[in-house]
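Next comes target-v5.cif, with mmCIF, C-alpha atoms and all ligand atoms.
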data_work
loop_
_atom_site.label_atom_id
_atom_site.label_comp_id
_atom_site.auth_asym_id
_atom_site.auth_seq_id
_atom_site.Cartn_x
_atom_site.Cartn_y
_atom_site.Cartn_z
CA MET A 223 137.52 85.72 98.72
CA ALA A 224 133.93 84.61 98.39
CA GLY A 225 132.77 83.63 94.93
CA PRO A 226 130.70 86.05 92.88
CA ILE A 227 126.96 86.42 93.34
CA ASP A 228 125.25 86.33 89.94
CA TYR A 229 122.98 89.32 90.36
CA SER A 230 121.69 88.95 86.79
CA THR A 231 119.42 86.15 88.05
CA ILE A 232 117.90 88.25 90.86
CA THR A 233 115.08 90.72 90.38
CA ILE A 234 114.45 93.11 93.24
CA TYR A 235 111.49 95.47 93.22
CA PRO A 236 111.93 98.22 95.81
CA ASN A 237 108.67 98.86 97.62
CA PRO A 238 107.47 102.05 99.37
CA ASP A 239 109.32 101.00 102.55
CA THR A 240 112.63 100.31 100.80
CA VAL A 241 112.83 102.59 97.73
CA GLU A 242 114.75 105.32 99.63
CA TRP A 243 117.03 102.69 101.15
CA TRP A 244 117.94 101.41 97.66
CA GLU A 245 118.46 105.00 96.49
CA GLY A 246 120.85 105.34 99.44
CA THR A 247 122.91 102.30 98.51
CA ARG A 248 123.15 103.62 94.95
CA SER A 249 124.72 106.77 96.45
CA GLY A 250 127.06 104.83 98.73
CA LYS A 251 124.97 105.44 101.86
CA LEU A 252 123.92 102.83 104.39
CA LEU A 253 120.60 104.01 105.82
CA VAL A 254 118.68 102.65 108.80
CA ARG A 255 115.15 103.61 109.75
CA LYS A 256 114.81 106.09 112.61
CA CYS A 257 111.55 106.87 114.35
CA ASN A 258 110.98 110.61 114.46
CA SER A 259 108.81 110.22 117.56
CA CYS A 260 110.98 108.15 119.91
CA GLY A 261 114.36 107.86 118.17
CA TYR A 262 114.30 104.07 117.89
CA MET A 263 116.41 102.83 114.97
CA PHE A 264 115.79 99.60 113.13
CA PHE A 265 116.59 97.48 110.09
CA PRO A 266 115.19 96.24 107.76
CA PRO A 267 112.92 99.18 106.98
CA TYR A 268 109.25 98.60 107.70
CA PRO A 269 106.39 101.07 107.88
CA MET A 270 105.92 101.47 111.64
CA CYS A 271 108.08 101.88 114.74
CA ALA A 272 108.05 98.67 116.80
CA ARG A 273 108.56 100.63 120.02
CA CYS A 274 105.94 103.39 119.86
CA ASN A 275 103.85 102.43 116.79
CA SER A 276 104.52 105.78 115.13
CA MET A 277 104.48 105.91 111.36
CA ASP A 278 106.46 109.17 111.41
CA LEU A 279 109.75 107.70 110.25
CA GLY A 280 112.99 109.10 108.87
CA TRP A 281 116.46 107.80 108.12
CA HIS A 282 119.79 107.74 109.88
CA GLN A 283 122.87 107.55 107.67
CA SER A 284 125.29 105.14 109.25
CA ALA A 285 129.02 105.29 108.67
CA GLY A 286 128.65 101.62 107.78
CA THR A 287 131.18 100.28 110.28
CA GLY A 288 130.72 97.87 113.13
CA ILE A 289 131.69 94.63 114.80
CA VAL A 290 130.83 91.12 113.64
CA HIS A 291 128.26 90.03 116.22
CA SER A 292 127.69 86.64 114.61
CA TYR A 293 127.88 84.89 111.29
CA CYS A 294 126.81 81.79 109.44
CA VAL A 295 128.27 79.96 106.47
CA ILE A 296 125.99 79.27 103.55
CA VAL A 297 126.98 76.05 101.78
CA GLN A 298 123.77 75.27 99.90
CA PRO A 299 122.75 77.79 97.24
CA VAL A 300 119.05 78.55 97.64
CA ALA A 301 118.86 80.38 94.32
CA ALA A 302 120.75 80.34 91.03
CA ALA A 303 122.47 83.60 91.91
CA PHE A 304 124.47 81.87 94.65
CA VAL A 305 125.67 78.74 92.83
CA SER A 306 129.15 80.21 92.24
CA ALA A 307 129.18 82.03 95.57
CA VAL A 308 128.99 79.08 97.97
CA PRO A 309 130.41 78.67 100.44
CA PHE A 310 129.99 82.25 101.58
CA VAL A 311 129.49 83.98 104.89
CA ILE A 312 126.53 86.03 106.05
CA GLY A 313 127.81 88.42 108.69
CA LEU A 314 125.57 89.98 111.33
CA VAL A 315 127.30 93.28 112.05
CA GLU A 316 126.49 95.48 115.02
CA LEU A 317 126.74 99.05 113.79
CA ASP A 318 129.04 101.46 115.66
CA ASP A 319 126.83 104.51 115.29
CA CYS A 320 123.28 103.25 115.59
CA ARG A 321 122.15 103.08 119.19
CA SER A 322 118.55 103.86 120.04
CA PRO A 323 117.63 105.93 123.12
CA ASP A 324 116.78 102.69 124.97
CA GLY A 325 120.32 101.42 124.33
CA SER A 326 119.36 98.85 121.71
CA LEU A 327 121.82 98.33 118.88
CA ILE A 328 121.20 97.56 115.26
CA ARG A 329 122.61 94.40 113.75
CA ILE A 330 122.49 94.10 109.98
CA PRO A 331 123.04 90.90 108.01
CA PHE A 332 124.77 91.06 104.62
CA ALA A 333 126.85 88.63 102.61
CA MET A 334 130.52 89.11 103.40
CA LEU A 335 133.36 89.34 100.91
CA ASP A 336 135.65 87.43 103.29
CA ASP A 337 136.01 83.66 103.50
CA GLU A 338 134.87 81.49 106.40
CA ASP A 339 138.39 81.01 107.78
CA GLU A 340 138.91 84.78 107.91
CA VAL A 341 135.67 85.79 109.64
CA ALA A 342 135.36 85.76 113.42
CA ILE A 343 132.99 87.20 115.97
CA GLY A 344 134.47 90.41 117.35
CA LEU A 345 136.29 91.56 114.21
CA PRO A 346 135.59 95.04 112.82
CA ALA A 347 133.86 95.22 109.44
CA GLY A 348 132.72 97.89 107.04
CA VAL A 349 130.18 98.13 104.30
CA VAL A 350 131.16 97.83 100.64
CA PHE A 351 128.71 98.70 97.89
CA GLU A 352 128.58 96.21 95.02
CA PRO A 353 126.78 97.13 91.78
CA MET A 354 124.27 94.47 90.75
CA ALA A 355 124.86 93.38 87.13
CA GLY A 356 121.73 93.72 85.04
CA SER A 357 120.17 96.21 87.46
CA ASP A 358 120.60 99.81 88.57
CA LEU A 359 120.55 98.65 92.20
CA VAL A 360 123.59 98.45 94.45
CA MET A 361 123.91 95.69 97.07
CA PRO A 362 125.75 96.31 100.35
CA ARG A 363 128.16 93.64 101.57
CA TRP A 364 130.45 93.46 104.57
CA LYS A 365 134.26 93.38 104.41
CA LEU A 366 136.55 92.84 107.39
CA LYS A 367 138.53 95.92 108.37
CA GLY A 368 141.21 95.32 110.96
CA THR A 369 141.83 93.02 113.87
CA SER A 370 140.73 92.55 117.46
CA PRO A 371 142.46 90.97 120.47
CA ARG A 372 139.24 89.11 121.35
CA THR A 373 137.65 87.05 118.60
CA TRP A 374 135.84 83.76 118.33
CA GLN A 375 135.22 81.41 115.41
CA PHE A 376 132.78 78.56 115.04
CA GLN A 377 134.51 75.17 115.05
CA GLU A 378 133.60 72.15 112.93
CA GLY A 379 132.45 69.01 114.69
ZN ZN B 401 109.08 105.16 117.85
#
What do you get writing this file as structure tokens?
Amino acid sequence: MAGPIDYSTITIYPNPDTVEWWEGTRSGKLLVRKCNSCGYMFFPPYPMCARCNSMDLGWHQSAGTGIVHSYCVIVQPVAAAFVSAVPFVIGLVELDDCRSPDGSLIRIPFAMLDDEDEVAIGLPAGVVFEPMAGSDLVMPRWKLKGTSPRTWQFQEG
């Protein structure tokens, strides 16, 4: 299992584009932005639809499950919060229930709870909500959930 992230050293200030998203994670909901004009869904939340330029945006509540599309292993902590966490995996998960009308899928990167030797492209994963010590915010992370007959792992060397 990945080492702990020391959230007490991180300060996050939700902004107008993300405050509802952080309220969602506090309630155990994984939200993605959905354009009310064209239906395009995207993450992270930003103030305008990249497909039709509409600023009429809402939210889609995802079930928080998907398939590991890719991943990388972080070995160098870039902030004090990650000193005890390295090495850890950032998983890019393609959500099962977030497909825009044009067929595009949403892939969301979060730190995974699983170790490098456990993670593989093609494995199913689900969101887990982790309270952030010293804050009232809740951070989503990915956790593997099940197996797949077709997987692929990065190889050293
Ligand atoms: Zn749009």
Around ligand ZN 401 (chain B), which protein and nucleic acid residues have at least one atom no more than 9 Å from it, if we count all atoms listed in the file? List them as number ranges by chain. A: 256-263, 270-279
List as number ranges by chain the protein and nucleic acid residues near segment 347-363 of chain A, meaning an atom at most 7 Å away when only C-alpha atoms are counted, but skip any in the same chain fewer than 6 places from it. A: 229-230, 244, 247-248, 250, 286-290, 332-335
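All protein, DNA and RNA residues at most 9 Å from (127.7, 77.4, 105.5) are Cys294, Val295, Ile296, Val297, Gln298, Val308, Pro309, Phe310, Val311, Ile312 and Glu338 of chain A, using only C-alpha atoms.
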Could you please take those selected residues and save C-alpha atoms as a PDB file, in the coordinates of the input?
ATOM      1  CA  CYS A 294     126.810  81.790 109.440  1.00  0.00           C
ATOM      2  CA  VAL A 295     128.270  79.960 106.470  1.00  0.00           C
ATOM      3  CA  ILE A 296     125.990  79.270 103.550  1.00  0.00           C
ATOM      4  CA  VAL A 297     126.980  76.050 101.780  1.00  0.00           C
ATOM      5  CA  GLN A 298     123.770  75.270  99.900  1.00  0.00           C
ATOM      6  CA  VAL A 308     128.990  79.080  97.970  1.00  0.00           C
ATOM      7  CA  PRO A 309     130.410  78.670 100.440  1.00  0.00           C
ATOM      8  CA  PHE A 310     129.990  82.250 101.580  1.00  0.00           C
ATOM      9  CA  VAL A 311     129.490  83.980 104.890  1.00  0.00           C
ATOM     10  CA  ILE A 312     126.530  86.030 106.050  1.00  0.00           C
ATOM     11  CA  GLU A 338     134.870  81.490 106.400  1.00  0.00           C
TER      12      GLU A 338
END
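For the residues A:Pro267, A:Ser370, A:Leu253, A:Val300, ranking by smallest atom-to-atom distance to Asn237 of chain A using all atoms listed in the file places A:Pro267 first.
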Taking (133.7, 87.6, 97.5) as a centre in this file's frame and 7 Å as the limit, can you find every polymer residue with an atom that close, using only C-alpha atoms, and give them as a PyMOL selection string? chain A and resi 223-226+334-336
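The gap separating atom CA of Glu340 of chain A from atom CA of Asp228 of chain A is 22.6 Å, in Å to one decimal.
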Box centre and edge lengths (Å, one decimal), axis-aligned, segment 314-322 of chain A plus 4 Å each side, as lines of an AutoDock Vina configuration file:
center_x = 123.8
center_y = 97.2
center_z = 115.7
size_x = 18.5
size_y = 22.5
size_z = 16.7
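The closest residue to Gly246 of chain A, picked from A:Asp324, A:His282, A:Pro269, A:Ala301 and counting all atoms listed in the file, is A:His282.
Of the listed residues (A:Phe265, A:Trp364, A:Tyr293, A:Phe376), A:Phe265 comes nearest to Asp239 of chain A; the distances count all atoms listed in the file.
Pairwise distance (atom CA of Ala307 of chain A, atom CA of Ile232 of chain A) equals 13.7 Å.
The spacing separating atom CA of His291 of chain A from atom CA of Pro331 of chain A amounts to 9.8 Å.
Here the question is which of A:Arg255, A:Ser306, A:Ser284, A:Leu345 gets nearest to Asp318 of chain A using only C-alpha atoms, and that residue is A:Ser284.
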Between A:Glu242, A:Pro299, A:Ser326, A:Pro346, which residue has the minimum interatomic distance to Leu314 of chain A, considering all atoms listed in the file? A:Pro346
